[in-house]
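This is work-v5.tsv (TSV, C-alpha atoms).
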chain	number	residue	atom	x	y	z
Q	17	MET	CA	61.98	0.08	-5.65
Q	18	ILE	CA	61.99	-2.46	-8.44
Q	19	SER	CA	58.24	-3.16	-8.07
Q	20	LEU	CA	57.53	0.58	-8.36
Q	21	PHE	CA	59.41	0.62	-11.66
Q	22	TYR	CA	57.41	-2.35	-12.96
Q	23	ASN	CA	54.07	-0.80	-11.87
Q	24	LYS	CA	54.96	2.42	-13.68
Q	25	LYS	CA	56.01	0.42	-16.71
Q	26	ASN	CA	52.73	-1.56	-16.67
Q	27	ALA	CA	50.70	1.64	-16.37
Q	28	TYR	CA	52.69	3.25	-19.18
Q	29	ASP	CA	52.30	0.18	-21.40
Q	30	TRP	CA	48.56	0.24	-20.79
Q	31	TRP	CA	48.35	3.97	-21.48
Q	32	VAL	CA	50.08	3.70	-24.85
Q	33	SER	CA	47.71	0.92	-25.81
Q	34	VAL	CA	44.69	3.22	-25.33
Q	35	PRO	CA	43.40	4.62	-28.66
Q	36	ASN	CA	44.26	8.30	-29.20
Q	37	ALA	CA	46.93	8.20	-26.45
Q	38	LYS	CA	49.64	8.09	-29.13
Q	39	ALA	CA	48.30	11.18	-30.89
Q	40	LYS	CA	50.43	14.26	-30.51
Q	41	PRO	CA	49.07	15.95	-28.42
Q	42	PRO	CA	46.73	13.33	-26.96
Q	43	VAL	CA	43.06	14.08	-27.69
Q	44	LEU	CA	41.75	11.91	-24.91
Q	45	THR	CA	39.10	13.51	-22.70
Q	46	TRP	CA	38.75	12.74	-19.02
Q	47	ASP	CA	35.59	10.72	-19.72
Q	48	ASP	CA	37.50	8.69	-22.34
Q	49	PHE	CA	40.25	8.04	-19.82
Q	50	VAL	CA	37.82	6.95	-17.10
Q	51	LYS	CA	35.99	4.60	-19.49
Q	52	ALA	CA	39.24	3.05	-20.68
Q	53	PHE	CA	40.60	2.75	-17.15
Q	54	ARG	CA	37.42	1.13	-15.83
Q	55	ALA	CA	37.27	-1.26	-18.77
Q	56	LYS	CA	40.81	-2.39	-17.98
Q	57	TYR	CA	40.91	-2.34	-14.17
Q	58	VAL	CA	37.36	-2.35	-12.80
Q	59	PRO	CA	35.36	-5.52	-13.48
Q	60	PRO	CA	31.73	-5.11	-14.64
Q	61	PHE	CA	30.33	-7.09	-11.68
Q	62	TYR	CA	31.90	-4.53	-9.32
Q	63	CYS	CA	30.28	-1.64	-11.21
Q	64	ASP	CA	26.93	-3.46	-11.17
Q	65	ALA	CA	27.18	-4.02	-7.41
Q	66	LYS	CA	27.99	-0.33	-6.82
Q	67	LYS	CA	25.12	0.76	-9.08
Q	68	LYS	CA	22.75	-1.44	-7.06
Q	69	GLU	CA	24.15	-0.01	-3.82
Q	70	PHE	CA	23.53	3.49	-5.19
Q	71	LEU	CA	19.92	2.65	-6.06
Q	72	ASN	CA	19.32	1.34	-2.53
Q	73	LEU	CA	21.20	4.12	-0.72
Q	74	ARG	CA	19.30	5.78	2.15
Q	75	GLN	CA	20.49	8.22	4.79
Q	76	GLY	CA	19.50	6.04	7.74
Q	77	ILE	CA	21.79	6.82	10.70
Q	78	MET	CA	24.32	8.76	8.60
Q	79	SER	CA	24.67	12.50	8.99
Q	80	ILE	CA	23.72	14.58	5.97
Q	81	ALA	CA	27.42	15.14	5.21
Q	82	GLU	CA	28.16	11.40	5.40
Q	83	TYR	CA	25.15	10.63	3.21
Q	84	GLN	CA	26.24	13.26	0.68
Q	85	GLN	CA	29.77	11.83	0.55
Q	86	LYS	CA	28.55	8.28	0.00
Q	87	PHE	CA	25.95	9.47	-2.53
Q	88	LEU	CA	28.57	11.29	-4.59
Q	89	TRP	CA	31.01	8.38	-4.44
Q	90	LEU	CA	28.42	5.82	-5.54
Q	91	SER	CA	26.91	8.12	-8.17
Q	92	ARG	CA	30.03	7.49	-10.28
Q	93	TYR	CA	28.59	4.07	-10.99
Q	94	ALA	CA	25.09	5.37	-11.75
Q	95	GLY	CA	25.54	6.17	-15.41
Q	96	GLY	CA	22.17	6.52	-17.10
Q	97	ILE	CA	20.30	6.91	-13.80
Q	98	ILE	CA	21.28	10.52	-13.19
Q	99	ASP	CA	21.09	12.51	-16.40
Q	100	GLY	CA	21.44	15.98	-14.92
Q	101	GLU	CA	21.40	18.18	-11.87
Q	102	ARG	CA	17.64	17.85	-11.41
Q	103	ASP	CA	17.81	14.03	-11.41
Q	104	LYS	CA	20.70	14.19	-8.97
Q	105	CYS	CA	18.67	16.37	-6.59
Q	106	ARG	CA	15.56	14.15	-6.78
Q	107	ARG	CA	17.60	10.99	-6.18
Q	108	PHE	CA	19.36	12.57	-3.19
Q	109	GLU	CA	16.04	13.76	-1.72
Q	110	GLU	CA	14.56	10.25	-2.07
Q	111	GLY	CA	17.27	8.88	0.20
Q	112	LEU	CA	16.95	11.50	2.92
Q	113	ASN	CA	15.21	10.59	6.16
Q	114	GLY	CA	11.49	11.38	6.00
Q	115	TYR	CA	11.39	14.38	8.31
Q	116	ILE	CA	14.26	16.12	6.46
Q	117	ARG	CA	12.98	15.04	3.06
Q	118	LYS	CA	9.56	16.63	3.63
Q	119	SER	CA	11.13	19.94	4.59
Q	120	VAL	CA	13.63	20.06	1.73
Q	121	ALA	CA	11.64	18.48	-1.14
Q	122	ILE	CA	8.99	21.16	-0.97
Q	123	LEU	CA	11.63	23.67	-2.13
Q	124	GLN	CA	11.99	21.76	-5.44
Q	125	LEU	CA	15.64	22.72	-5.74
Q	126	GLU	CA	17.43	21.82	-8.95
Q	127	ASN	CA	20.91	22.81	-7.81
Q	128	PHE	CA	22.69	20.10	-5.82
Q	129	SER	CA	24.82	22.52	-3.77
Q	130	LYS	CA	21.73	24.52	-2.76
Q	131	LEU	CA	19.92	21.29	-1.85
Q	132	ILE	CA	22.78	20.21	0.42
Q	133	SER	CA	22.94	23.68	1.96
Q	134	SER	CA	19.17	23.64	2.61
Q	135	ALA	CA	19.30	20.18	4.20
Q	136	LEU	CA	22.22	21.19	6.45
Q	137	THR	CA	20.45	24.42	7.41
Q	138	TRP	CA	17.28	22.49	8.25
Q	139	LYS	CA	19.29	20.11	10.43
Q	140	ARG	CA	21.03	22.99	12.23
Q	141	ILE	CA	17.73	24.75	12.95
Q	142	ASP	CA	16.16	21.48	14.11
Q	143	LYS	CA	19.02	20.94	16.58
Q	144	GLU	CA	18.70	24.52	17.87
Q	145	GLU	CA	14.95	24.10	18.43
Q	146	ALA	CA	15.48	20.76	20.19
Q	147	SER	CA	18.07	22.38	22.43
Q	148	ARG	CA	15.68	25.25	23.26
Q	149	ARG	CA	12.88	22.80	24.09
Q	150	GLU	CA	15.22	20.79	26.31
Q	151	ASN	CA	16.43	23.91	28.13
Q	152	LYS	CA	12.86	25.13	28.56
Q	153	PHE	CA	11.86	21.75	29.99
Q	154	ARG	CA	14.83	21.72	32.38
Q	155	LYS	CA	14.19	25.28	33.48
Q	156	GLY	CA	10.47	24.63	33.86
Q	157	SER	CA	10.90	21.51	35.99
Q	158	SER	CA	13.37	23.16	38.39
Q	159	ASP	CA	11.05	26.14	38.94
Q	160	TYR	CA	8.30	23.84	40.18
Q	161	GLY	CA	10.30	21.92	42.75
Q	162	GLY	CA	10.99	19.01	40.43
Q	163	PRO	CA	13.99	16.76	40.74
Q	164	SER	CA	17.28	18.48	41.36
Q	165	LYS	CA	20.43	17.62	39.43
Q	166	LYS	CA	21.22	14.95	42.01
Q	167	GLY	CA	17.90	13.23	41.42
Q	168	LYS	CA	16.48	14.12	44.84
Q	169	PHE	CA	13.41	16.21	45.44
Q	170	ASP	CA	14.25	19.79	46.35
Q	171	TYR	CA	11.82	20.70	49.15
Q	172	SER	CA	13.12	24.26	49.40
Q	173	LYS	CA	11.14	25.14	46.26
Q	174	THR	CA	7.80	23.95	47.57
Q	175	GLU	CA	5.19	26.41	48.78
Q	176	SER	CA	5.06	25.05	52.35
Q	177	ALA	CA	8.84	25.25	52.72
Q	178	GLN	CA	8.79	28.85	51.50
Q	179	LYS	CA	6.04	29.77	54.02
Q	180	SER	CA	7.92	28.07	56.83
Q	181	SER	CA	11.07	29.94	55.90
Q	182	TYR	CA	9.15	33.23	55.86
Q	183	HIS	CA	7.74	32.62	59.36
Q	184	LYS	CA	11.16	31.76	60.78
Q	185	LYS	CA	12.66	34.97	59.41
Q	186	ASN	CA	9.79	37.17	60.54
Q	187	LYS	CA	9.21	35.59	63.96
Q	188	PRO	CA	9.00	38.25	66.68
Q	189	ASN	CA	11.79	38.17	69.27
Q	190	PHE	CA	10.30	38.28	72.83
Output the file's structure as structure tokens, nothing else.
Amino acid sequence: MISLFYNKKNAYDWWVSVPNAKAKPPVLTWDDFVKAFRAKYVPPFYCDAKKKEFLNLRQGIMSIAEYQQKFLWLSRYAGGIIDGERDKCRRFEEGLNGYIRKSVAILQLENFSKLISSALTWKRIDKEEASRRENKFRKGSSDYGGPSKKGKFDYSKTESAQKSSYHKKNKPNF
């Protein structure tokens, strides 16, 4: 409990030392607060490392949602690199995997939310098409006497087995 009091006291002491914090009412903007906080508690080498990580960020094996989350988190350290919504969209597109990037970049979206929505929609449609192709392949192979689910050849689907079955059923009884 005592350490909590000291942490609050340290934070308060720091806050009153920030210019404009003593003004009544304080005229400190959020950006001013973030700059002052980072200057005090976040070392420049950390910010530089995160900026470099942002510049090298690629989707890779991440889902689009995971990539978006990491992109937004690291973009806090990308001051001067992203000057607006359009720059943000272009930078995000550059990090997308090639097949998604080609499909989304052609739209030339300048709204980040719409870009994310388009990428997620593309991914959903791609999964649906892959599922349809897989089902079509499975259905097609079982119709032609291919391997059954157990991995064995199903002879009952072959033409000769069907003919033999027909003759047994239609054999005259003497």
For Q:Arg74, please output as a short mmCIF file (atom, residue, chain, number, x, y, z; two decimals) with C-alpha atoms, keeping the file's coordinate frame all residues within 8 Å (counting only C-alpha atoms; exclusion window: fewer than 2 positions along the same chain).
data_model
loop_
_atom_site.label_atom_id
_atom_site.label_comp_id
_atom_site.auth_asym_id
_atom_site.auth_seq_id
_atom_site.Cartn_x
_atom_site.Cartn_y
_atom_site.Cartn_z
CA ASN Q 72 19.32 1.34 -2.53
CA GLY Q 76 19.50 6.04 7.74
CA TYR Q 83 25.15 10.63 3.21
CA GLU Q 110 14.56 10.25 -2.07
CA GLY Q 111 17.27 8.88 0.20
CA LEU Q 112 16.95 11.50 2.92
CA ASN Q 113 15.21 10.59 6.16
#
Legend entry - Atom-to-atom span, atom CA of Q:Tyr57 and atom CA of Q:Asn26, Å: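 Atom-to-atom, atom CA of Q:Tyr57 and atom CA of Q:Asn26 are spaced 12.1 Å apart.
Of the listed residues Q:Arg149, Q:Lys104, Q:Arg154, Q:Lys139, the one whose atoms come nearest to Q:Ala81 is Q:Lys139, with distances taken using all atoms listed in the file.
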Legend entry - Interatomic distance (Å, one decimal) between atom CA of Q:Arg107 and atom CA of Q:Leu136: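 One can read the atom CA of Q:Arg107 to atom CA of Q:Leu136 distance as 16.9 Å.
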Inset, instruction - Rounded to one decimal place, report the atom CA of Q:Gly114-atom CA of Q:Glu145 distance in Å. - result: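 Separation of atom CA of Q:Gly114 and atom CA of Q:Glu145: 18.1 Å.
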Inset, instruction - Measuring atom to atom with all atoms listed in the file, identify which of Q:Gln84, Q:Ser91, Q:Ser79, Q:Ser134 is nearest to Q:Cys63. - result: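 Smallest distance to Q:Cys63 is found for Q:Ser91.
Closest to Q:Phe108 among Q:Tyr93, Q:Phe70, Q:Trp138, Q:Tyr62 is Q:Phe70, based on only C-alpha atoms.
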Inset, instruction - Compare Q:Asp48, Q:Glu69, Q:Asp64, Q:Glu109 by their minimum atom-to-atom distance to Q:Phe128, counting all atoms listed in the file, and give me the closest one. - result: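 Smallest distance to Q:Phe128 is found for Q:Glu109.
Distances from Q:Gln85, Q:Tyr115, Q:Arg148, Q:Pro60 to Q:Ile132 were compared using all atoms listed in the file, and the smallest one belongs to Q:Gln85.
Closest approach to Q:Trp89 among Q:Arg140, Q:Lys66, Q:Arg106, Q:Lys118: Q:Lys66, based on all atoms listed in the file.
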